file data-v3.txt (compact mmCIF, C-alpha atoms)
# COMPACT_ATOMS: atom_id res chain seq x y z
CA ALA H 1 134.97 87.95 199.78
CA PRO H 2 132.62 88.91 202.62
CA ALA H 3 132.32 92.33 201.04
CA ALA H 4 131.25 90.84 197.76
CA ALA H 5 128.62 88.75 199.48
CA ALA H 6 127.23 91.77 201.18
CA ALA H 7 126.93 93.56 197.90
CA GLY H 8 123.94 91.42 196.90
CA PRO H 9 122.99 88.15 195.13
CA SER H 10 124.62 87.29 191.81
CA ARG H 11 122.76 86.81 188.48
CA ALA H 12 122.92 83.04 188.81
CA ASP H 13 121.42 83.31 192.28
CA LEU H 14 118.59 85.37 190.91
CA LEU H 15 117.79 82.76 188.26
CA VAL H 16 117.83 79.95 190.74
CA SER H 17 115.87 81.80 193.36
CA GLU H 18 113.03 82.72 190.95
CA SER H 19 110.28 80.20 191.41
CA PHE H 20 108.30 78.84 188.39
CA SER H 21 104.65 78.16 188.49
CA PRO H 22 102.72 76.91 185.37
CA THR H 23 99.71 78.84 186.49
CA GLY H 24 101.50 81.96 187.55
CA LEU H 25 102.78 84.91 185.63
CA VAL H 26 106.32 84.79 184.33
CA GLY H 27 108.66 87.15 186.13
CA THR H 28 106.64 87.48 189.34
CA GLY H 29 109.62 86.67 191.54
CA THR H 30 111.32 89.44 193.51
CA ILE H 31 114.91 90.45 193.47
CA GLU H 32 115.41 88.73 196.77
CA GLY H 33 114.13 85.46 195.34
CA GLY H 34 110.82 85.51 197.07
CA ALA H 35 107.48 85.12 195.34
CA GLN H 36 105.49 88.24 194.70
CA ALA H 37 101.94 88.11 195.92
CA GLU H 38 99.54 87.19 193.11
CA PRO H 39 96.80 89.73 192.37
CA ALA H 40 93.32 88.59 193.10
CA GLY H 41 89.88 89.44 191.70
CA GLU H 42 89.67 92.30 189.21
CA GLU H 43 93.44 92.84 189.36
CA GLN H 44 94.03 89.22 188.14
CA GLU H 45 91.47 89.59 185.28
CA GLU H 46 93.09 92.88 184.30
CA ALA H 47 96.48 91.19 184.20
CA LEU H 48 95.13 88.36 181.97
CA ARG H 49 93.25 90.63 179.56
CA VAL H 50 94.25 90.12 175.89
CA ASP H 51 95.28 93.15 173.88
CA PHE H 52 93.66 93.13 170.38
CA SER H 53 95.02 96.51 169.35
CA SER H 54 97.89 94.95 167.38
CA LEU H 55 95.45 93.06 165.04
CA ALA H 56 94.54 94.44 161.65
CA GLY H 57 91.15 95.30 160.20
CA GLU H 58 87.92 94.44 161.97
CA ALA H 59 89.72 92.05 164.31
CA ALA H 60 91.32 95.06 166.05
CA GLN H 61 87.87 96.24 167.19
CA LEU H 62 87.12 93.00 169.04
CA ASP H 63 87.49 92.52 172.72
CA GLU H 64 87.23 89.31 174.64
CA THR H 65 83.45 89.43 174.72
CA GLY H 66 83.21 90.15 171.00
CA ALA H 67 85.72 87.45 170.19
CA ALA H 68 83.78 84.90 172.20
CA ALA H 69 80.56 85.92 170.50
CA GLU H 70 82.19 85.70 167.06
CA LEU H 71 83.61 82.30 167.92
CA LEU H 72 80.15 81.08 168.95
CA ARG H 73 78.67 82.45 165.75
CA VAL H 74 81.24 80.78 163.51
CA THR H 75 80.92 77.54 165.45
CA GLY H 76 77.15 77.64 164.97
CA GLU H 77 77.55 78.21 161.26
CA VAL H 78 79.91 75.26 160.93
CA GLU H 79 77.57 73.03 162.90
CA GLY H 80 74.64 74.26 160.80
CA MET H 81 76.47 73.35 157.64
CA ALA H 82 76.46 69.72 158.74
CA PRO H 83 79.53 68.83 156.65
CA ASN H 84 79.40 65.44 154.99
CA MET H 85 82.42 63.53 156.21
CA LYS H 86 81.98 61.00 153.34
CA ALA H 87 82.01 63.67 150.66
CA ILE H 88 85.38 62.59 149.27
CA GLU H 89 84.30 58.96 149.11
CA GLN H 90 81.02 59.89 147.43
CA PHE H 91 82.89 62.18 145.03
CA GLU H 92 85.13 59.30 144.00
CA GLU H 93 82.07 57.06 143.44
CA VAL H 94 80.38 59.74 141.33
CA GLN H 95 83.60 60.25 139.39
CA GLU H 96 83.79 56.50 138.66
CA ARG H 97 80.17 56.53 137.45
CA LEU H 98 80.97 59.57 135.31
CA HIS H 99 83.88 57.74 133.69
CA ALA H 100 81.62 54.72 133.07
CA VAL H 101 78.90 56.90 131.52
CA GLU H 102 81.47 58.68 129.37
CA GLY H 103 82.70 55.30 128.15
CA GLU H 104 79.15 54.23 127.33
CA TRP H 105 78.57 57.54 125.55
CA ASP H 106 81.70 57.08 123.45
CA THR H 107 80.58 53.54 122.60
CA SER H 108 77.08 54.77 121.69
CA ARG H 109 78.47 57.58 119.57
CA SER H 110 80.72 55.15 117.73
CA ALA H 111 77.78 52.77 117.20
CA ALA H 112 75.59 55.66 115.98
CA ARG H 113 78.29 56.71 113.53
CA THR H 114 78.56 53.14 112.25
CA VAL H 115 74.77 52.86 111.86
CA SER H 116 74.66 56.22 110.08
CA GLN H 117 77.33 55.09 107.64
CA ARG H 118 75.50 51.82 107.01
CA PHE H 119 72.23 53.71 106.50
CA SER H 120 73.88 56.03 103.99
CA ALA H 121 75.28 53.03 102.14
CA VAL H 122 71.87 51.32 102.08
CA GLN H 123 70.20 54.56 101.00
CA ALA H 124 72.64 54.99 98.12
CA GLN H 125 72.13 51.37 97.11
CA ARG H 126 68.36 51.80 97.28
CA VAL H 127 68.47 54.87 95.04
CA GLU H 128 70.74 53.05 92.60
CA ARG H 129 68.47 50.01 92.38
CA PHE H 130 65.30 52.06 92.13
CA MET H 131 66.67 54.30 89.41
CA SER H 132 68.03 51.29 87.53
CA CYS H 133 64.54 49.76 87.42
CA PHE H 134 62.80 53.06 86.71
CA SER H 135 65.17 53.98 83.90
CA HIS H 136 64.72 50.62 82.19
CA VAL H 137 60.93 50.56 82.56
CA SER H 138 60.49 54.15 81.40
CA LYS H 139 62.69 53.39 78.40
CA VAL H 140 60.83 50.31 77.10
CA ILE H 141 57.25 51.16 78.11
CA ASP H 142 56.67 53.46 75.16
CA ASP H 143 57.66 50.81 72.61
CA ILE H 144 55.47 48.19 74.28
CA TYR H 145 52.50 50.55 74.45
CA LYS H 146 52.94 51.43 70.77
CA GLU H 147 52.94 47.73 69.85
CA LEU H 148 49.78 47.07 71.87
CA THR H 149 47.88 50.06 70.42
CA LYS H 150 48.71 49.79 66.75
CA VAL H 151 45.50 50.11 64.77
CA GLU H 152 44.64 50.54 61.15
CA GLY H 153 45.28 54.10 60.13
CA VAL H 154 47.66 54.77 63.05
CA PRO H 155 50.56 52.37 62.53
CA LEU H 156 52.74 54.06 65.14
CA GLY H 157 50.28 53.48 67.98
CA GLY H 158 50.01 55.62 71.08
CA THR H 159 52.52 57.14 73.47
CA ALA H 160 53.27 56.30 77.10
CA PHE H 161 55.87 57.59 79.55
CA LEU H 162 56.69 57.70 83.27
CA SER H 163 57.74 60.68 85.39
CA LEU H 164 58.88 61.01 89.01
CA GLU H 165 57.05 63.34 91.38
CA ASP H 166 60.23 63.91 93.44
CA PRO H 167 63.51 62.99 91.70
CA SER H 168 65.55 63.71 94.87
CA GLU H 169 63.69 61.06 96.90
CA PRO H 170 62.08 58.95 94.16
CA TYR H 171 61.18 55.98 96.36
CA LEU H 172 59.29 58.13 98.90
CA HIS H 173 56.84 59.66 96.45
CA GLY H 174 54.72 58.69 93.51
CA ILE H 175 55.36 57.92 89.87
CA LYS H 176 53.06 59.48 87.31
CA PHE H 177 52.09 57.24 84.41
CA THR H 178 50.82 59.00 81.31
CA ALA H 179 49.33 57.15 78.34
CA MET H 180 47.92 58.75 75.18
CA PRO H 181 45.95 56.36 72.95
CA PRO H 182 46.48 56.71 69.18
CA ALA H 183 44.78 59.65 67.49
CA LYS H 184 43.75 61.14 70.86
CA ARG H 185 44.94 64.15 72.78
CA PHE H 186 46.55 64.07 76.19
CA ARG H 187 44.25 63.28 79.11
CA ASP H 188 44.72 62.08 82.67
CA MET H 189 44.60 58.35 83.25
CA GLU H 190 41.32 58.68 85.17
CA GLN H 191 39.65 60.13 82.08
CA LEU H 192 40.52 57.18 79.80
CA SER H 193 38.02 54.43 79.03
CA GLY H 194 38.22 51.00 80.65
CA GLY H 195 39.79 49.42 77.57
CA GLU H 196 42.36 52.20 77.23
CA ARG H 197 43.35 51.87 80.88
CA THR H 198 43.64 48.09 80.43
CA LEU H 199 46.10 48.49 77.56
CA ALA H 200 48.11 51.04 79.56
CA ALA H 201 48.23 48.66 82.57
CA LEU H 202 49.35 45.76 80.35
CA ALA H 203 52.09 47.93 78.85
CA LEU H 204 53.36 48.79 82.34
CA LEU H 205 53.19 45.13 83.40
CA PHE H 206 55.15 43.91 80.39
CA ALA H 207 57.71 46.73 80.81
CA MET H 208 58.35 45.74 84.43
CA HIS H 209 58.59 42.10 83.37
CA ASP H 210 61.20 43.08 80.80
CA TYR H 211 63.41 44.36 83.64
CA ARG H 212 63.08 41.22 85.77
CA PRO H 213 61.73 38.43 83.54
CA SER H 214 59.70 35.65 85.17
CA PRO H 215 59.11 32.20 83.62
CA PHE H 216 55.37 32.55 83.18
CA PHE H 217 52.31 34.80 83.43
CA VAL H 218 48.85 33.96 84.74
CA MET H 219 46.22 36.42 83.45
CA ASP H 220 42.57 36.29 84.44
CA GLU H 221 40.16 37.86 81.92
CA ILE H 222 42.39 40.77 81.05
CA ASP H 223 40.30 41.19 77.89
CA ALA H 224 37.02 41.85 79.69
CA ALA H 225 37.02 45.57 78.84
CA LEU H 226 38.66 45.24 75.41
CA ASP H 227 36.96 45.27 72.04
CA ASN H 228 37.79 42.69 69.37
CA VAL H 229 40.47 44.85 67.74
CA ASN H 230 42.36 45.35 70.98
CA VAL H 231 41.87 41.68 71.99
CA THR H 232 43.55 40.66 68.74
CA SER H 233 46.44 43.08 69.36
CA VAL H 234 47.03 41.76 72.89
CA ALA H 235 46.77 38.14 71.73
CA LYS H 236 49.34 38.74 68.97
CA PHE H 237 51.69 40.41 71.45
CA ILE H 238 51.41 37.52 73.93
CA ARG H 239 51.89 34.87 71.23
CA ALA H 240 54.99 36.67 69.93
CA ARG H 241 56.52 36.67 73.41
CA ALA H 242 55.63 33.01 73.92
CA ASP H 243 57.23 32.02 70.62
CA GLU H 244 60.54 33.40 71.85
CA GLY H 245 60.69 30.36 74.13
CA LYS H 246 61.53 32.23 77.32
CA LEU H 247 58.03 32.90 78.61
CA GLN H 248 54.80 30.96 79.03
CA PHE H 249 51.36 32.50 79.38
CA VAL H 250 48.28 31.03 81.05
CA VAL H 251 45.35 33.23 80.06
CA ILE H 252 41.80 32.84 81.29
CA SER H 253 39.51 34.27 78.64
CA LEU H 254 36.10 33.93 77.02
CA LYS H 255 37.09 35.59 73.72
CA ASP H 256 37.53 33.55 70.52
CA ASN H 257 40.33 35.84 69.39
CA PHE H 258 42.45 34.59 72.25
CA TYR H 259 41.64 30.94 71.53
CA GLU H 260 42.91 31.07 67.97
CA LYS H 261 46.25 32.55 69.05
CA ALA H 262 46.84 29.94 71.76
CA GLN H 263 49.06 26.87 71.51
CA GLY H 264 46.71 24.81 73.65
CA LEU H 265 43.30 25.00 75.22
CA VAL H 266 42.12 23.81 78.61
CA GLY H 267 38.35 23.73 79.00
CA ILE H 268 36.49 23.39 82.28
CA TYR H 269 32.99 22.01 82.29
CA ARG H 270 30.47 20.62 84.71
CA ASP H 271 30.33 16.82 84.94
CA ARG H 272 26.85 15.79 86.02
CA LYS H 273 27.86 12.21 86.70
CA LEU H 274 30.68 13.26 89.02
CA GLN H 275 28.63 16.11 90.38
CA GLY H 276 31.60 18.40 89.95
CA SER H 277 33.92 20.06 87.46
CA ASN H 278 36.12 18.35 84.94
CA THR H 279 38.65 19.45 82.33
CA VAL H 280 39.32 18.81 78.68
CA THR H 281 42.54 19.76 76.85
CA LEU H 282 43.33 20.37 73.21
CA ASP H 283 46.77 20.83 71.65
CA LEU H 284 46.18 23.34 68.86
CA ASP H 285 49.68 22.93 67.45
CA ALA H 286 48.89 19.27 66.72
CA VAL H 287 45.76 20.15 64.78
CA GLU H 288 46.32 20.59 61.10
CA PRO H 289 45.00 23.91 59.81
CA LEU H 290 42.15 23.81 57.33
CA PRO H 291 43.15 24.33 53.71
CA ALA H 292 42.55 27.77 52.34
CA GLY H 293 39.04 28.23 51.03
CA ALA H 294 37.73 25.19 52.92
call {"tool": "encode", "arguments": {"input": "data-v3.txt", "output": "structure tokens"}}
result
Amino acid sequence: APAAAAAGPSRADLLVSESFSPTGLVGTGTIEGGAQAEPAGEEQEEALRVDFSSLAGEAAQLDETGAAAELLRVTGEVEGMAPNMKAIEQFEEVQERLHAVEGEWDTSRSAARTVSQRFSAVQAQRVERFMSCFSHVSKVIDDIYKELTKVEGVPLGGTAFLSLEDPSEPYLHGIKFTAMPPAKRFRDMEQLSGGERTLAALALLFAMHDYRPSPFFVMDEIDAALDNVNVTSVAKFIRARADEGKLQFVVISLKDNFYEKAQGLVGIYRDRKLQGSNTVTLDLDAVEPLPAGA
């Protein structure tokens, strides 16, 4: 046993005898268990120097000074970026607003589609109603104009018709009205005489009335530009319509030809005693006609 002790300390003794210092280098103890003297100065810095040779790429070229400089540079860049610590919160707020705007956009798109469909329906209805009126008026205006312009020698009267300037959008553009008096060639409406234009206007008026009849007409001196022949034709036409019992005419006129075709007369005169106007009426249907030859 003494011989074994003289042979030297055991492995367990070595582990126990090696002192541990948090600030020292591991394995600085001696075989005898004593502490090895710590290097000082340049020797200590050399012992603590980091070996970068095992790193890959550009990092292998760095030393401690370069690494510190790189660390300072990266730290400066990060600080210069001034990262927004509320970015996630702001992102969530923006995302919520985005969802709200998308919902409003979907609602607006749906509303626009609904309005577009309603507009198309109204447009189709407008075209249908317009063409219904136009077709009826253009169909009957020629017969009415012929009846108003019948004269001796030309029993068929004149010709009148309507035409659309733009059939694809008829209500956005004009309608051309053409009237040719009897025994005359085609001319523009502006080139017709005042009486001829009056008859054409009356034909258009009566044609439109035929599409949507009204209970009565009020006409103010429509015969001002007409000669006696045309006054008689218009008076006969009006009396024939009145005799049908569906329409009443109130005509202001100074022509005798109109008076004799009327059912009643209303005269307006100046009353000197009243210092104003007064009226007098006469029921022509109640007056017995004079005997022939009287």
call {"tool": "closest_atom_pairs", "arguments": {"input": "data-v3.txt", "of": "range 151-220 of chain H", "to": "range 111-127 of chain H", "cutoff": "9 Å", "atoms": "only C-alpha atoms", "output": "JSON lines"}}
result
{"residue": "H:Glu169", "atom": "CA", "partner": "H:Val127", "partner_atom": "CA", "distance": 8.0}
{"residue": "H:Pro170", "atom": "CA", "partner": "H:Val127", "partner_atom": "CA", "distance": 7.6}
{"residue": "H:Tyr171", "atom": "CA", "partner": "H:Val127", "partner_atom": "CA", "distance": 7.5}
call {"tool": "residues_around", "arguments": {"input": "data-v3.txt", "residues": "range 195-205 of chain H", "least_positions_apart": "4", "cutoff": "10 Å", "atoms": "all atoms listed in the file", "output": "PDB file with C-alpha atoms, in the coordinates of the input"}}
result
ATOM      1  CA  VAL H 137      60.930  50.560  82.560  1.00  0.00           C
ATOM      2  CA  SER H 138      60.490  54.150  81.400  1.00  0.00           C
ATOM      3  CA  VAL H 140      60.830  50.310  77.100  1.00  0.00           C
ATOM      4  CA  ILE H 141      57.250  51.160  78.110  1.00  0.00           C
ATOM      5  CA  ASP H 142      56.670  53.460  75.160  1.00  0.00           C
ATOM      6  CA  ASP H 143      57.660  50.810  72.610  1.00  0.00           C
ATOM      7  CA  ILE H 144      55.470  48.190  74.280  1.00  0.00           C
ATOM      8  CA  TYR H 145      52.500  50.550  74.450  1.00  0.00           C
ATOM      9  CA  LYS H 146      52.940  51.430  70.770  1.00  0.00           C
ATOM     10  CA  GLU H 147      52.940  47.730  69.850  1.00  0.00           C
ATOM     11  CA  LEU H 148      49.780  47.070  71.870  1.00  0.00           C
ATOM     12  CA  THR H 149      47.880  50.060  70.420  1.00  0.00           C
ATOM     13  CA  GLY H 158      50.010  55.620  71.080  1.00  0.00           C
ATOM     14  CA  THR H 159      52.520  57.140  73.470  1.00  0.00           C
ATOM     15  CA  ALA H 160      53.270  56.300  77.100  1.00  0.00           C
ATOM     16  CA  PHE H 161      55.870  57.590  79.550  1.00  0.00           C
ATOM     17  CA  LEU H 162      56.690  57.700  83.270  1.00  0.00           C
ATOM     18  CA  PHE H 177      52.090  57.240  84.410  1.00  0.00           C
ATOM     19  CA  THR H 178      50.820  59.000  81.310  1.00  0.00           C
ATOM     20  CA  ALA H 179      49.330  57.150  78.340  1.00  0.00           C
ATOM     21  CA  MET H 180      47.920  58.750  75.180  1.00  0.00           C
ATOM     22  CA  PRO H 181      45.950  56.360  72.950  1.00  0.00           C
ATOM     23  CA  MET H 189      44.600  58.350  83.250  1.00  0.00           C
ATOM     24  CA  GLU H 190      41.320  58.680  85.170  1.00  0.00           C
ATOM     25  CA  GLN H 191      39.650  60.130  82.080  1.00  0.00           C
ATOM     26  CA  HIS H 209      58.590  42.100  83.370  1.00  0.00           C
ATOM     27  CA  ASP H 210      61.200  43.080  80.800  1.00  0.00           C
ATOM     28  CA  ILE H 222      42.390  40.770  81.050  1.00  0.00           C
ATOM     29  CA  ASP H 223      40.300  41.190  77.890  1.00  0.00           C
ATOM     30  CA  ALA H 224      37.020  41.850  79.690  1.00  0.00           C
ATOM     31  CA  ALA H 225      37.020  45.570  78.840  1.00  0.00           C
ATOM     32  CA  LEU H 226      38.660  45.240  75.410  1.00  0.00           C
ATOM     33  CA  ASP H 227      36.960  45.270  72.040  1.00  0.00           C
ATOM     34  CA  ASN H 230      42.360  45.350  70.980  1.00  0.00           C
ATOM     35  CA  VAL H 231      41.870  41.680  71.990  1.00  0.00           C
ATOM     36  CA  SER H 233      46.440  43.080  69.360  1.00  0.00           C
ATOM     37  CA  VAL H 234      47.030  41.760  72.890  1.00  0.00           C
TER      38      VAL H 234
END
call {"tool": "atom_distance", "arguments": {"input": "data-v3.txt", "atom1": "CA of Ala183 in chain H", "atom2": "CA of Val154 in chain H"}}
result
7.2 Å
call {"tool": "atom_distance", "arguments": {"input": "data-v3.txt", "atom1": "CA of Gly174 in chain H", "atom2": "CA of Lys150 in chain H"}}
result
28.8 Å
call {"tool": "atom_distance", "arguments": {"input": "data-v3.txt", "atom1": "CA of Tyr259 in chain H", "atom2": "CA of Phe237 in chain H"}}
result
13.8 Å
call {"tool": "residues_around", "arguments": {"input": "data-v3.txt", "residues": "Lys246 in chain H", "least_positions_apart": "6", "cutoff": "9 Å", "atoms": "only C-alpha atoms", "output": "PyMOL selection string"}}
result
chain H and resi 213-216
call {"tool": "residues_around", "arguments": {"input": "data-v3.txt", "residues": "Ala286 in chain H", "least_positions_apart": "2", "cutoff": "12 Å", "atoms": "all atoms listed in the file", "output": "list in words"}}
result
Ala262, Gln263, Gly264, Leu265, Thr281, Leu282, Asp283, Leu284, Glu288 and Pro289 of chain H
